[in-house]
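File shown: protein.cif. Contents: mmCIF, C-alpha atoms and all ligand atoms.
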```
data_my_file
loop_
_atom_site.label_atom_id
_atom_site.label_comp_id
_atom_site.auth_asym_id
_atom_site.auth_seq_id
_atom_site.Cartn_x
_atom_site.Cartn_y
_atom_site.Cartn_z
CA MET L 108 8.17 22.57 7.40
CA ASP L 109 8.88 23.04 3.71
CA PHE L 110 8.89 19.71 1.90
CA ASN L 111 11.01 21.09 -0.94
CA PHE L 112 9.30 19.04 -3.63
CA SER L 113 11.30 19.27 -6.85
CA ALA L 114 9.80 20.65 -10.08
CA GLU L 115 9.85 17.08 -11.40
CA GLN L 116 7.93 15.75 -8.41
CA LEU L 117 5.34 18.51 -8.69
CA ALA L 118 4.92 17.79 -12.41
CA ILE L 119 4.35 14.08 -11.69
CA ARG L 120 1.84 14.97 -8.97
CA ASP L 121 -0.06 17.31 -11.32
CA THR L 122 -0.24 14.63 -14.02
CA VAL L 123 -1.59 12.12 -11.50
CA ARG L 124 -4.05 14.68 -10.09
CA GLU L 125 -5.46 15.38 -13.54
CA LEU L 126 -5.82 11.69 -14.41
CA VAL L 127 -7.51 11.05 -11.07
CA GLN L 128 -10.05 13.83 -11.60
CA ASP L 129 -10.83 12.81 -15.18
CA ARG L 130 -10.61 9.04 -15.09
CA VAL L 131 -10.37 7.60 -11.56
CA ALA L 132 -12.88 9.60 -9.50
CA PRO L 133 -15.82 8.88 -11.85
CA ARG L 134 -15.12 5.12 -11.55
CA ALA L 135 -14.57 4.87 -7.75
CA ALA L 136 -18.14 4.10 -6.60
CA GLU L 137 -18.65 1.50 -9.34
CA ILE L 138 -15.34 -0.25 -8.61
CA ASP L 139 -16.41 -0.61 -4.96
CA GLU L 140 -19.96 -1.66 -5.73
CA LYS L 141 -18.95 -4.33 -8.24
CA SER L 142 -15.81 -5.40 -6.32
CA GLU L 143 -14.09 -5.11 -9.68
CA TYR L 144 -10.35 -4.72 -10.28
CA PRO L 145 -9.97 -1.63 -12.50
CA ALA L 146 -7.82 -3.18 -15.25
CA ASP L 147 -8.55 -0.11 -17.40
CA LEU L 148 -6.95 2.13 -14.77
CA GLU L 149 -3.94 -0.19 -14.44
CA LYS L 150 -3.45 0.26 -18.20
CA LEU L 151 -3.96 4.02 -17.91
CA PHE L 152 -1.35 4.22 -15.12
CA ALA L 153 1.13 2.15 -17.15
CA GLU L 154 0.63 4.29 -20.27
CA ASN L 155 1.17 7.49 -18.30
CA GLY L 156 4.34 6.36 -16.55
CA ILE L 157 2.74 6.11 -13.10
CA LEU L 158 3.91 2.51 -12.66
CA ALA L 159 7.44 3.67 -13.51
CA ILE L 160 7.54 5.98 -10.45
CA PRO L 161 9.05 3.35 -8.06
CA PHE L 162 12.10 2.87 -10.31
CA PRO L 163 15.16 5.07 -10.91
CA GLU L 164 15.99 5.93 -14.50
CA GLU L 165 18.82 3.41 -14.80
CA TYR L 166 16.27 0.62 -14.29
CA GLY L 167 13.68 1.96 -16.71
CA GLY L 168 11.80 4.22 -14.30
CA ILE L 169 11.14 7.92 -13.82
CA SER L 170 11.86 8.51 -10.11
CA GLY L 171 12.61 5.83 -7.50
CA SER L 172 11.87 8.33 -4.72
CA SER L 173 9.64 7.42 -1.78
CA VAL L 174 8.45 11.04 -1.61
CA THR L 175 7.26 10.86 -5.23
CA ILE L 176 5.53 7.51 -4.63
CA CYS L 177 3.74 9.05 -1.61
CA MET L 178 2.64 12.10 -3.61
CA ALA L 179 1.10 9.92 -6.31
CA VAL L 180 -0.49 7.39 -3.92
CA GLU L 181 -2.02 10.26 -1.89
CA GLU L 182 -3.56 11.82 -5.00
CA ILE L 183 -5.11 8.54 -6.18
CA ALA L 184 -6.36 7.59 -2.70
CA LYS L 185 -8.25 10.89 -2.38
CA ALA L 186 -10.67 9.45 -4.94
CA CYS L 187 -10.23 5.65 -4.90
CA THR L 188 -8.24 3.55 -2.42
CA SER L 189 -8.44 0.40 -4.56
CA SER L 190 -6.85 2.24 -7.49
CA SER L 191 -4.11 3.67 -5.26
CA LEU L 192 -3.07 0.09 -4.48
CA ILE L 193 -2.15 -0.42 -8.13
CA LEU L 194 0.83 1.88 -7.56
CA ALA L 195 1.42 1.14 -3.85
CA VAL L 196 1.70 -2.62 -4.43
CA GLN L 197 3.79 -2.14 -7.57
CA ALA L 198 6.26 -0.37 -5.27
CA LEU L 199 5.92 -3.01 -2.51
CA GLY L 200 6.59 -5.87 -4.93
CA SER L 201 9.52 -4.08 -6.55
CA TYR L 202 11.36 -2.88 -3.44
CA PRO L 203 12.85 -6.35 -2.72
CA ILE L 204 14.46 -6.36 -6.18
CA LEU L 205 15.70 -2.78 -5.86
CA LEU L 206 17.04 -3.40 -2.35
CA ALA L 207 18.61 -6.84 -2.65
CA GLY L 208 18.82 -7.58 -6.36
CA SER L 209 22.15 -7.91 -8.13
CA GLU L 210 22.87 -5.48 -10.97
CA GLU L 211 21.95 -8.26 -13.43
CA GLN L 212 18.62 -8.91 -11.65
CA LYS L 213 17.70 -5.22 -11.47
CA LYS L 214 18.51 -4.67 -15.17
CA ARG L 215 16.55 -7.78 -16.17
CA LEU L 216 13.51 -7.50 -13.87
CA CYS L 217 12.82 -3.80 -13.29
CA PRO L 218 12.27 -2.32 -16.80
CA PRO L 219 9.31 -4.65 -17.57
CA LEU L 220 7.77 -3.74 -14.18
CA ALA L 221 8.24 -0.03 -14.91
CA GLU L 222 6.34 -0.60 -18.15
CA GLY L 223 3.41 -2.27 -16.41
CA ARG L 224 4.15 -5.92 -15.60
CA VAL L 225 2.30 -6.28 -12.29
CA ALA L 226 4.34 -6.99 -9.14
CA ALA L 227 3.17 -8.39 -5.78
CA TYR L 228 4.71 -9.25 -2.41
CA ALA L 229 3.98 -12.56 -0.67
CA LEU L 230 5.04 -12.73 2.97
CA SER L 231 1.92 -13.55 5.07
CA GLU L 232 0.81 -17.14 5.65
CA PRO L 233 -2.30 -18.59 7.28
CA ASP L 234 -0.41 -19.25 10.54
CA SER L 235 2.17 -16.46 10.39
CA GLY L 236 0.92 -12.89 10.07
CA SER L 237 2.43 -10.54 12.64
CA ASP L 238 4.92 -13.30 13.49
CA ALA L 239 6.16 -13.42 9.91
CA ALA L 240 9.40 -15.20 10.85
CA ALA L 241 7.32 -18.30 11.65
CA MET L 242 6.62 -18.82 7.93
CA ARG L 243 6.47 -22.43 6.73
CA THR L 244 6.59 -22.17 2.94
CA SER L 245 9.77 -24.03 2.03
CA ALA L 246 12.35 -23.65 -0.73
CA LYS L 247 14.67 -26.61 -1.34
CA ARG L 248 17.63 -26.34 -3.63
CA TYR L 249 18.23 -28.94 -6.36
CA GLY L 250 21.19 -27.95 -8.56
CA ASP L 251 20.52 -24.62 -10.18
CA GLU L 252 16.91 -24.35 -9.11
CA TYR L 253 14.75 -24.21 -5.98
CA VAL L 254 11.45 -26.01 -5.45
CA LEU L 255 8.87 -24.01 -3.47
CA SER L 256 6.05 -25.65 -1.49
CA GLY L 257 3.48 -24.05 0.79
CA SER L 258 0.87 -21.33 0.81
CA LYS L 259 0.50 -17.58 1.28
CA ILE L 260 -2.58 -15.66 2.38
CA PHE L 261 -4.03 -12.17 1.82
CA ILE L 262 -1.70 -11.37 -1.08
CA THR L 263 -2.77 -8.13 -2.75
CA HIS L 264 -2.82 -8.62 -6.53
CA GLY L 265 -1.43 -12.16 -6.05
CA SER L 266 -4.08 -13.42 -8.47
CA LEU L 267 -3.12 -11.10 -11.31
CA ALA L 268 0.59 -10.47 -10.73
CA ASP L 269 3.14 -11.30 -13.42
CA THR L 270 6.05 -11.09 -10.99
CA LEU L 271 5.73 -12.27 -7.39
CA VAL L 272 8.33 -11.92 -4.65
CA VAL L 273 7.94 -14.87 -2.29
CA PHE L 274 9.63 -15.31 1.08
CA ALA L 275 10.32 -18.96 1.94
CA ARG L 276 12.23 -21.09 4.40
CA THR L 277 15.54 -22.45 3.06
CA ASP L 278 16.66 -23.76 6.47
CA PRO L 279 13.95 -25.55 8.48
CA ASP L 280 15.80 -24.97 11.76
CA GLY L 281 17.14 -21.50 11.01
CA GLY L 282 14.38 -19.36 12.57
CA SER L 283 14.30 -15.83 11.15
CA ARG L 284 17.79 -16.42 9.70
CA GLY L 285 16.57 -19.47 7.77
CA THR L 286 14.47 -17.63 5.18
CA SER L 287 15.24 -16.39 1.67
CA ALA L 288 13.51 -14.29 -1.00
CA PHE L 289 12.68 -15.41 -4.54
CA VAL L 290 11.30 -13.73 -7.64
CA LEU L 291 8.70 -15.87 -9.38
CA GLU L 292 7.91 -15.02 -12.99
CA ARG L 293 4.45 -16.38 -13.71
CA GLU L 294 5.43 -17.83 -17.13
CA GLU L 295 8.30 -19.97 -15.79
CA SER L 296 7.22 -20.50 -12.14
CA PRO L 297 3.41 -20.53 -12.10
CA TRP L 298 1.61 -20.48 -8.74
CA THR L 299 -2.01 -21.42 -8.01
CA VAL L 300 -4.75 -19.06 -6.84
CA ILE L 301 -6.77 -20.92 -4.18
CA LYS L 302 -9.36 -18.21 -3.48
CA LEU L 303 -10.13 -14.50 -3.53
CA GLU L 304 -11.34 -12.87 -0.30
CA HIS L 305 -14.59 -10.89 0.14
CA LYS L 306 -13.73 -7.78 2.09
CA LEU L 307 -15.07 -4.84 4.13
CA GLY L 308 -13.22 -2.32 1.96
CA ILE L 309 -10.70 -1.94 -0.89
CA ARG L 310 -13.09 -4.15 -2.81
CA GLY L 311 -11.56 -3.34 -6.18
CA SER L 312 -8.21 -4.71 -5.07
CA PRO L 313 -8.08 -8.52 -5.28
CA THR L 314 -6.69 -10.24 -2.17
CA ALA L 315 -5.65 -13.82 -2.89
CA MET L 316 -4.71 -17.02 -1.14
CA LEU L 317 -1.94 -18.68 -3.14
CA ALA L 318 -0.52 -22.20 -3.22
CA PHE L 319 2.94 -23.29 -4.30
CA ASP L 320 2.86 -26.94 -5.26
CA GLU L 321 6.48 -27.80 -5.98
CA VAL L 322 6.98 -24.64 -8.02
CA ARG L 323 10.42 -24.58 -9.68
CA VAL L 324 12.32 -21.30 -9.47
CA PRO L 325 15.72 -20.76 -11.12
CA ALA L 326 18.46 -20.12 -8.54
CA ARG L 327 19.35 -16.94 -10.44
CA ASN L 328 16.02 -15.53 -9.15
CA ARG L 329 17.00 -15.73 -5.47
CA LEU L 330 17.40 -12.21 -4.08
CA GLY L 331 20.50 -11.76 -1.93
CA GLU L 332 22.11 -14.55 0.05
CA GLU L 333 20.32 -17.54 1.52
CA GLY L 334 19.17 -16.69 5.05
CA GLN L 335 18.71 -12.97 4.35
CA GLY L 336 14.99 -13.17 3.45
CA PHE L 337 13.44 -12.02 6.72
CA LYS L 338 15.80 -9.08 7.06
CA LEU L 339 14.91 -8.08 3.50
CA ALA L 340 11.16 -8.44 4.17
CA LEU L 341 11.43 -6.01 7.09
CA GLY L 342 13.68 -3.64 5.14
CA VAL L 343 11.06 -3.49 2.39
CA LEU L 344 8.28 -2.68 4.89
CA ASP L 345 10.39 0.14 6.35
CA ARG L 346 10.42 1.70 2.90
CA SER L 347 6.83 1.01 1.90
CA ARG L 348 5.07 2.07 5.13
CA PRO L 349 5.21 5.81 4.34
CA GLY L 350 3.23 4.87 1.20
CA ILE L 351 0.47 3.37 3.38
CA GLY L 352 0.61 6.56 5.44
CA ALA L 353 0.15 8.53 2.21
CA GLN L 354 -2.74 6.30 1.22
CA ALA L 355 -4.41 6.91 4.61
CA LEU L 356 -3.75 10.64 4.23
CA GLY L 357 -5.40 10.67 0.79
CA ILE L 358 -8.47 8.77 2.04
CA ALA L 359 -8.88 11.23 4.93
CA GLU L 360 -8.48 14.25 2.64
CA GLY L 361 -11.09 12.89 0.23
CA ALA L 362 -13.59 12.34 3.06
CA PHE L 363 -12.84 15.69 4.70
CA GLU L 364 -13.30 17.67 1.51
CA TYR L 365 -16.63 15.99 0.86
CA ALA L 366 -17.84 16.58 4.44
CA LEU L 367 -16.75 20.23 4.44
CA ASN L 368 -18.64 21.02 1.24
CA TYR L 369 -21.67 19.09 2.45
CA ALA L 370 -21.72 21.04 5.73
CA LYS L 371 -21.82 24.31 3.80
CA GLU L 372 -24.75 23.15 1.64
CA ARG L 373 -26.96 21.14 4.00
CA ARG L 374 -29.49 23.29 5.89
CA GLN L 375 -31.23 22.44 9.16
CA PHE L 376 -33.00 24.80 11.59
CA GLY L 377 -33.02 27.39 8.80
CA ARG L 378 -29.26 27.62 8.26
CA PRO L 379 -26.28 25.65 6.92
CA ILE L 380 -25.17 22.97 9.39
CA ALA L 381 -21.62 24.40 9.05
CA GLU L 382 -22.82 27.30 11.22
CA PHE L 383 -23.29 25.01 14.23
CA GLN L 384 -20.27 25.12 16.51
CA GLY L 385 -20.62 21.40 17.28
CA LEU L 386 -19.78 20.63 13.64
CA GLN L 387 -17.22 23.43 13.32
CA PHE L 388 -15.16 21.87 16.12
CA MET L 389 -15.29 18.48 14.39
CA LEU L 390 -14.16 20.01 11.09
CA ALA L 391 -11.36 21.91 12.85
CA ASP L 392 -10.10 18.71 14.50
CA MET L 393 -10.26 16.79 11.22
CA ALA L 394 -8.24 19.44 9.36
CA THR L 395 -5.65 19.61 12.15
CA GLN L 396 -5.20 15.83 12.25
CA ILE L 397 -4.79 15.68 8.47
CA GLU L 398 -2.13 18.40 8.54
CA ALA L 399 -0.20 16.64 11.31
CA ALA L 400 -0.30 13.33 9.41
CA ARG L 401 0.87 15.02 6.21
CA HIS L 402 4.01 16.27 7.94
CA LEU L 403 4.82 12.89 9.47
CA VAL L 404 4.24 11.00 6.20
CA TYR L 405 6.48 13.26 4.12
CA LEU L 406 9.12 13.44 6.84
CA ALA L 407 9.25 9.61 6.87
CA ALA L 408 9.40 9.45 3.07
CA THR L 409 12.26 11.97 3.10
CA LYS L 410 14.05 9.74 5.62
CA VAL L 411 13.65 6.78 3.26
CA ASP L 412 15.08 8.76 0.36
CA SER L 413 18.07 9.96 2.42
CA HIS L 414 18.68 6.48 3.94
CA ALA L 415 18.39 8.07 7.41
CA GLU L 416 19.39 5.99 10.41
CA ASP L 417 15.98 6.39 12.09
CA LEU L 418 13.90 5.51 9.03
CA THR L 419 12.48 2.31 10.62
CA LYS L 420 11.03 4.28 13.53
CA MET L 421 9.80 7.20 11.41
CA ALA L 422 8.14 4.94 8.82
CA ALA L 423 6.29 3.08 11.60
CA MET L 424 5.22 6.39 13.21
CA ALA L 425 3.92 7.73 9.88
CA LYS L 426 1.92 4.58 9.11
CA LEU L 427 0.56 4.36 12.67
CA PHE L 428 -0.48 8.00 13.01
CA ALA L 429 -1.84 8.49 9.50
CA SER L 430 -3.92 5.31 9.54
CA ASP L 431 -5.43 5.98 12.99
CA MET L 432 -6.11 9.53 11.80
CA ALA L 433 -7.81 8.27 8.61
CA MET L 434 -10.08 5.96 10.61
CA LYS L 435 -11.13 8.83 12.87
CA VAL L 436 -11.53 11.44 10.13
CA THR L 437 -13.58 9.17 7.85
CA THR L 438 -15.81 8.13 10.78
CA ASP L 439 -16.35 11.82 11.59
CA ALA L 440 -17.06 12.56 7.92
CA VAL L 441 -19.91 10.02 8.05
CA GLN L 442 -21.16 11.81 11.19
CA VAL L 443 -21.08 15.21 9.47
CA LEU L 444 -23.37 13.84 6.75
CA GLY L 445 -25.73 12.29 9.32
CA GLY L 446 -27.98 9.58 7.85
CA TYR L 447 -26.81 10.39 4.33
CA GLY L 448 -23.25 9.54 5.36
CA TYR L 449 -24.36 5.99 6.09
CA ILE L 450 -25.90 5.54 2.65
CA GLN L 451 -23.98 4.05 -0.27
CA HIS L 452 -24.94 6.89 -2.60
CA TYR L 453 -22.44 9.14 -0.78
CA PRO L 454 -18.70 8.32 -0.89
CA VAL L 455 -17.81 8.75 2.79
CA GLU L 456 -19.06 5.31 3.95
CA ARG L 457 -16.79 3.71 1.31
CA MET L 458 -13.89 5.82 2.52
CA MET L 459 -14.56 4.76 6.13
CA ARG L 460 -14.56 1.08 5.09
CA ASP L 461 -11.38 1.60 3.05
CA ALA L 462 -9.59 3.43 5.88
CA LYS L 463 -9.76 0.39 8.19
CA ILE L 464 -7.27 -1.70 6.22
CA THR L 465 -4.54 0.93 6.62
CA GLN L 466 -4.48 0.09 10.35
CA ILE L 467 -3.93 -3.59 9.53
CA TYR L 468 -1.74 -4.32 6.52
CA GLU L 469 2.03 -3.91 6.25
CA GLY L 470 2.04 -4.64 9.99
CA THR L 471 -0.89 -3.92 12.31
CA ASN L 472 -0.76 -0.75 14.37
CA GLN L 473 0.07 -2.84 17.44
CA ILE L 474 3.15 -4.06 15.56
CA GLN L 475 4.04 -0.45 14.57
CA ARG L 476 4.01 0.48 18.26
CA ILE L 477 6.33 -2.45 19.01
CA VAL L 478 8.70 -1.27 16.25
CA ILE L 479 8.68 2.30 17.61
CA ALA L 480 9.18 1.21 21.23
CA ARG L 481 12.03 -1.10 20.22
CA ALA L 482 13.78 1.81 18.49
CA LEU L 483 13.27 4.03 21.55
CA LEU L 484 14.61 1.47 24.01
CA ARG L 485 17.54 0.22 21.96
C1 LIG X 501 -6.73 -6.78 2.47
C2 LIG X 501 -5.39 -7.29 2.91
C3 LIG X 501 -4.30 -7.17 2.06
C4 LIG X 501 -3.05 -7.68 2.44
N1 LIG X 501 -2.00 -7.65 1.56
C5 LIG X 501 -0.86 -8.34 1.85
C6 LIG X 501 0.17 -8.51 0.87
O1 LIG X 501 0.08 -8.00 -0.26
N2 LIG X 501 1.25 -9.27 1.19
C7 LIG X 501 1.39 -9.86 2.41
O2 LIG X 501 2.39 -10.54 2.62
N3 LIG X 501 0.43 -9.71 3.37
C8 LIG X 501 -0.69 -8.98 3.12
N4 LIG X 501 -1.68 -8.85 4.06
C9 LIG X 501 -1.50 -9.47 5.37
C10 LIG X 501 -1.36 -8.46 6.51
O3 LIG X 501 -0.11 -7.83 6.45
C11 LIG X 501 -1.62 -9.22 7.82
O4 LIG X 501 -3.01 -9.50 7.85
C12 LIG X 501 -1.20 -8.45 9.05
O5 LIG X 501 0.20 -8.32 9.10
C13 LIG X 501 -1.69 -9.10 10.34
O6 LIG X 501 -1.47 -10.48 10.36
P1 LIG X 501 -2.70 -11.46 10.75
O7 LIG X 501 -3.85 -11.08 9.91
O8 LIG X 501 -2.21 -12.86 10.69
O9 LIG X 501 -3.07 -11.07 12.24
P2 LIG X 501 -2.40 -11.66 13.59
O10 LIG X 501 -0.92 -11.58 13.48
O11 LIG X 501 -3.03 -12.97 13.90
O12 LIG X 501 -2.89 -10.57 14.65
C14 LIG X 501 -4.17 -10.61 15.28
C15 LIG X 501 -4.21 -9.48 16.31
O13 LIG X 501 -3.19 -9.71 17.30
C16 LIG X 501 -2.38 -8.55 17.40
N5 LIG X 501 -1.00 -8.96 17.72
C17 LIG X 501 -0.26 -9.94 17.12
N6 LIG X 501 0.95 -10.01 17.69
C18 LIG X 501 0.99 -9.06 18.67
C19 LIG X 501 1.96 -8.63 19.62
N7 LIG X 501 3.19 -9.18 19.68
N8 LIG X 501 1.64 -7.62 20.47
C20 LIG X 501 0.41 -7.04 20.42
N9 LIG X 501 -0.55 -7.40 19.55
C21 LIG X 501 -0.26 -8.39 18.68
C22 LIG X 501 -2.47 -7.88 16.04
O14 LIG X 501 -2.13 -6.50 16.10
C23 LIG X 501 -3.93 -8.11 15.70
O15 LIG X 501 -4.72 -7.13 16.33
C24 LIG X 501 -2.90 -8.29 3.72
C25 LIG X 501 -4.01 -8.37 4.58
C26 LIG X 501 -5.24 -7.89 4.18
C27 LIG X 501 -6.42 -8.04 5.11
#
```

Spell out the structure here as structure tokens.
Ligand SMILES: Cc1cc2nc3c(=O)[nH]c(=O)nc-3n(C[C@H](O)[C@H](O)[C@H](O)COP(=O)(O)OP(=O)(O)OC[C@H]3O[C@@H](n4cnc5c(N)ncnc54)[C@H](O)[C@@H]3O)c2cc1C
Amino acid sequence: MDFNFSAEQLAIRDTVRELVQDRVAPRAAEIDEKSEYPADLEKLFAENGILAIPFPEEYGGISGSSVTICMAVEEIAKACTSSSLILAVQALGSYPILLAGSEEQKKRLCPPLAEGRVAAYALSEPDSGSDAAAMRTSAKRYGDEYVLSGSKIFITHGSLADTLVVFARTDPDGGSRGTSAFVLEREESPWTVIKLEHKLGIRGSPTAMLAFDEVRVPARNRLGEEGQGFKLALGVLDRSRPGIGAQALGIAEGAFEYALNYAKERRQFGRPIAEFQGLQFMLADMATQIEAARHLVYLAATKVDSHAEDLTKMAAMAKLFASDMAMKVTTDAVQVLGGYGYIQHYPVERMMRDAKITQIYEGTNQIQRIVIARALLR
């Protein structure tokens, strides 16, 4: 399959690749070790137009294509998963505006995001994760504003975002049709950060529990009609899941490349360990799995860009396959390095810890299978 990347997309990828080699890769181990959000890299990405990738030109961006987002996320994730979330979550938090925003909202809200205002996406709650429609955060209308009350959990960049899309219940008895989406601008609708989580991986990406204590939001910041929130939340995930697939792909590629080079250098029994067929078969399987995932991820991203009818199914397949692949490939990369793979000095244990989250967020892989089966049986 020829992905037919445009000259523009290839130029963006090359810019990202260069920045990653020069500025991101040397910081990756330290970011993980210190569990530190790389604010310097966020600034670097903003200055180099990387945060403008999710937006079309008419809204201040440079692309707006899912394929381009995937290319950039993949490149960054090869070196540092936490840093790849700076772009992936910028896209996740902006999709609701691009999908459901009025022309006025898109013109007002998108250009500052393209320039580097940080976006985040708040759907999950302590008691509603996979069953997102059971959310309890409420939004009550009083004149030309809404008052939001409740809490959200595990919100990537929720602690540092400037613009937060929050899904809340506008009709207590409406079930999935009783929810709506709101854009909160931190300056006019401030939320509270309750705590930051300590995590297995993606340690440089803050994950926050947030509280909304009667937060006032202007009615002009509601996205779409009342009652359309849950449908929008799912529509956004359909479009962002290929990006998680691309992230998983990048993590696996980073680990594979390291393991391959290591196998050529490391000598046991008087020869490089790469000469042992037991390891050759592992390396062959890893490379094959990566190639298969690459095709699925970019096929799904192409479906998003062409508004294909089966994009929900394909996005779920790409996220499911690529994340399971990344977990397997990174685990095998640790095995190729033997004891050294288990030691923090080498990057593959970090990549293995980072890979795990791709099987969980934006819908667990059990939920992806439900989405795929539902599409098959419809
Ligand atoms: C680091 C991190 C970052 C995150 N970032 C964000 C974010 O930015 N914004 C946001 O809104 N959310 C975010 N999340 C939340 C994430 O999307 C949820 O954790 C995820 O959807 C699962 O929900 P849960 O944790 O409540 O698990 P649960 O829904 O409680 O699931 C527990 C287990 O049950 C399984 N399960 C549940 N229902 C079914 C079913 N019907 N059939 C089969 N198995 C089922 C699940 O697959 C899982 O294995 C993040 C989470 C983490 C850990």

message = Could you check the closest approach to ligand LIG 501 (chain X) for each of L:Thr277, L:Asn111, L:Asn472, L:Asn368 and tell me which residue wins, using all atoms listed in the file?
response = L:Asn472

message = Measuring between all atoms listed in the file, which one of L:Glu181, L:Glu294, L:Asp238, L:Glu165 shows the shortest distance to ligand LIG 501 (chain X)?
response = L:Asp238

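Each of L:Ala381, L:Glu469, L:Ala366, L:Arg134 was checked against Gln442 of chain L using all atoms listed in the file; the smallest atom-to-atom distance is that of L:Ala366.
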
Kindly provide, as an mmCIF file with C-alpha atoms, in the frame of the given file, the polymer residues lying within 10 Å of (-4.2, 12.2, -12.5), counting all atoms listed in the file and using the coordinates exactly as they appear in the file.
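The new file part_5.cif reads:
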```
data_model
loop_
_atom_site.group_PDB
_atom_site.id
_atom_site.type_symbol
_atom_site.label_atom_id
_atom_site.label_comp_id
_atom_site.auth_asym_id
_atom_site.auth_seq_id
_atom_site.Cartn_x
_atom_site.Cartn_y
_atom_site.Cartn_z
ATOM 1 C CA ILE L 119 4.350 14.080 -11.690
ATOM 2 C CA ARG L 120 1.840 14.970 -8.970
ATOM 3 C CA ASP L 121 -0.060 17.310 -11.320
ATOM 4 C CA THR L 122 -0.240 14.630 -14.020
ATOM 5 C CA VAL L 123 -1.590 12.120 -11.500
ATOM 6 C CA ARG L 124 -4.050 14.680 -10.090
ATOM 7 C CA GLU L 125 -5.460 15.380 -13.540
ATOM 8 C CA LEU L 126 -5.820 11.690 -14.410
ATOM 9 C CA VAL L 127 -7.510 11.050 -11.070
ATOM 10 C CA GLN L 128 -10.050 13.830 -11.600
ATOM 11 C CA ASP L 129 -10.830 12.810 -15.180
ATOM 12 C CA ARG L 130 -10.610 9.040 -15.090
ATOM 13 C CA VAL L 131 -10.370 7.600 -11.560
ATOM 14 C CA ALA L 132 -12.880 9.600 -9.500
ATOM 15 C CA LEU L 151 -3.960 4.020 -17.910
ATOM 16 C CA PHE L 152 -1.350 4.220 -15.120
ATOM 17 C CA ASN L 155 1.170 7.490 -18.300
ATOM 18 C CA ILE L 157 2.740 6.110 -13.100
ATOM 19 C CA ALA L 179 1.100 9.920 -6.310
ATOM 20 C CA GLU L 182 -3.560 11.820 -5.000
ATOM 21 C CA ILE L 183 -5.110 8.540 -6.180
#
```

request  = With only C-alpha atoms and all ligand atoms counted, collect every polymer residue having an atom within 10 Å of ligand LIG 501 (chain X); state the result as a VMD selection string.
outcome  = chain L and resid 192 195 to 196 199 to 200 226 to 239 259 to 265 272 to 274 304 to 310 312 to 316 340 344 461 463 to 477

query = Just how far from atom CA of Val455 of chain L is atom CA of Phe388 of chain L, in Å to one decimal?
reply =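 Distance reported for this atom pair: 18.9 Å.
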
request  = Give me, please, the distance in Å between atom CA of Leu339 of chain L and atom CA of Arg284 of chain L, quoted to one decimal.
outcome  = 10.8 Å

inquiry  = Can you measure atom CA of Glu382 of chain L to atom CA of Ala184 of chain L for me? One decimal in Å is fine.
reply    =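 Rounded to one decimal, the two atoms are 29.2 Å apart.
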
inquiry  = Would you pick out the contacts of Tyr253 of chain L at 7 Å or less, using only C-alpha atoms, so that residues sharing its chain but fewer than 5 positions from it are not included, and give the list as a list in words?
reply    = Ala246, Lys247, Arg248, Arg323, Val324, Pro325 and Ala326 of chain L

Contacts of Met434 of chain L at 7 Å (all atoms listed in the file; same-chain gap of 2+ positions) as a count of residues only = 9

Among the residues L:Ala480, L:Leu194, L:Ala423, L:Val404, the one that comes closest to Ala355 of chain L [using only C-alpha atoms] =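 Closest residue, counting only C-alpha atoms: L:Val404.
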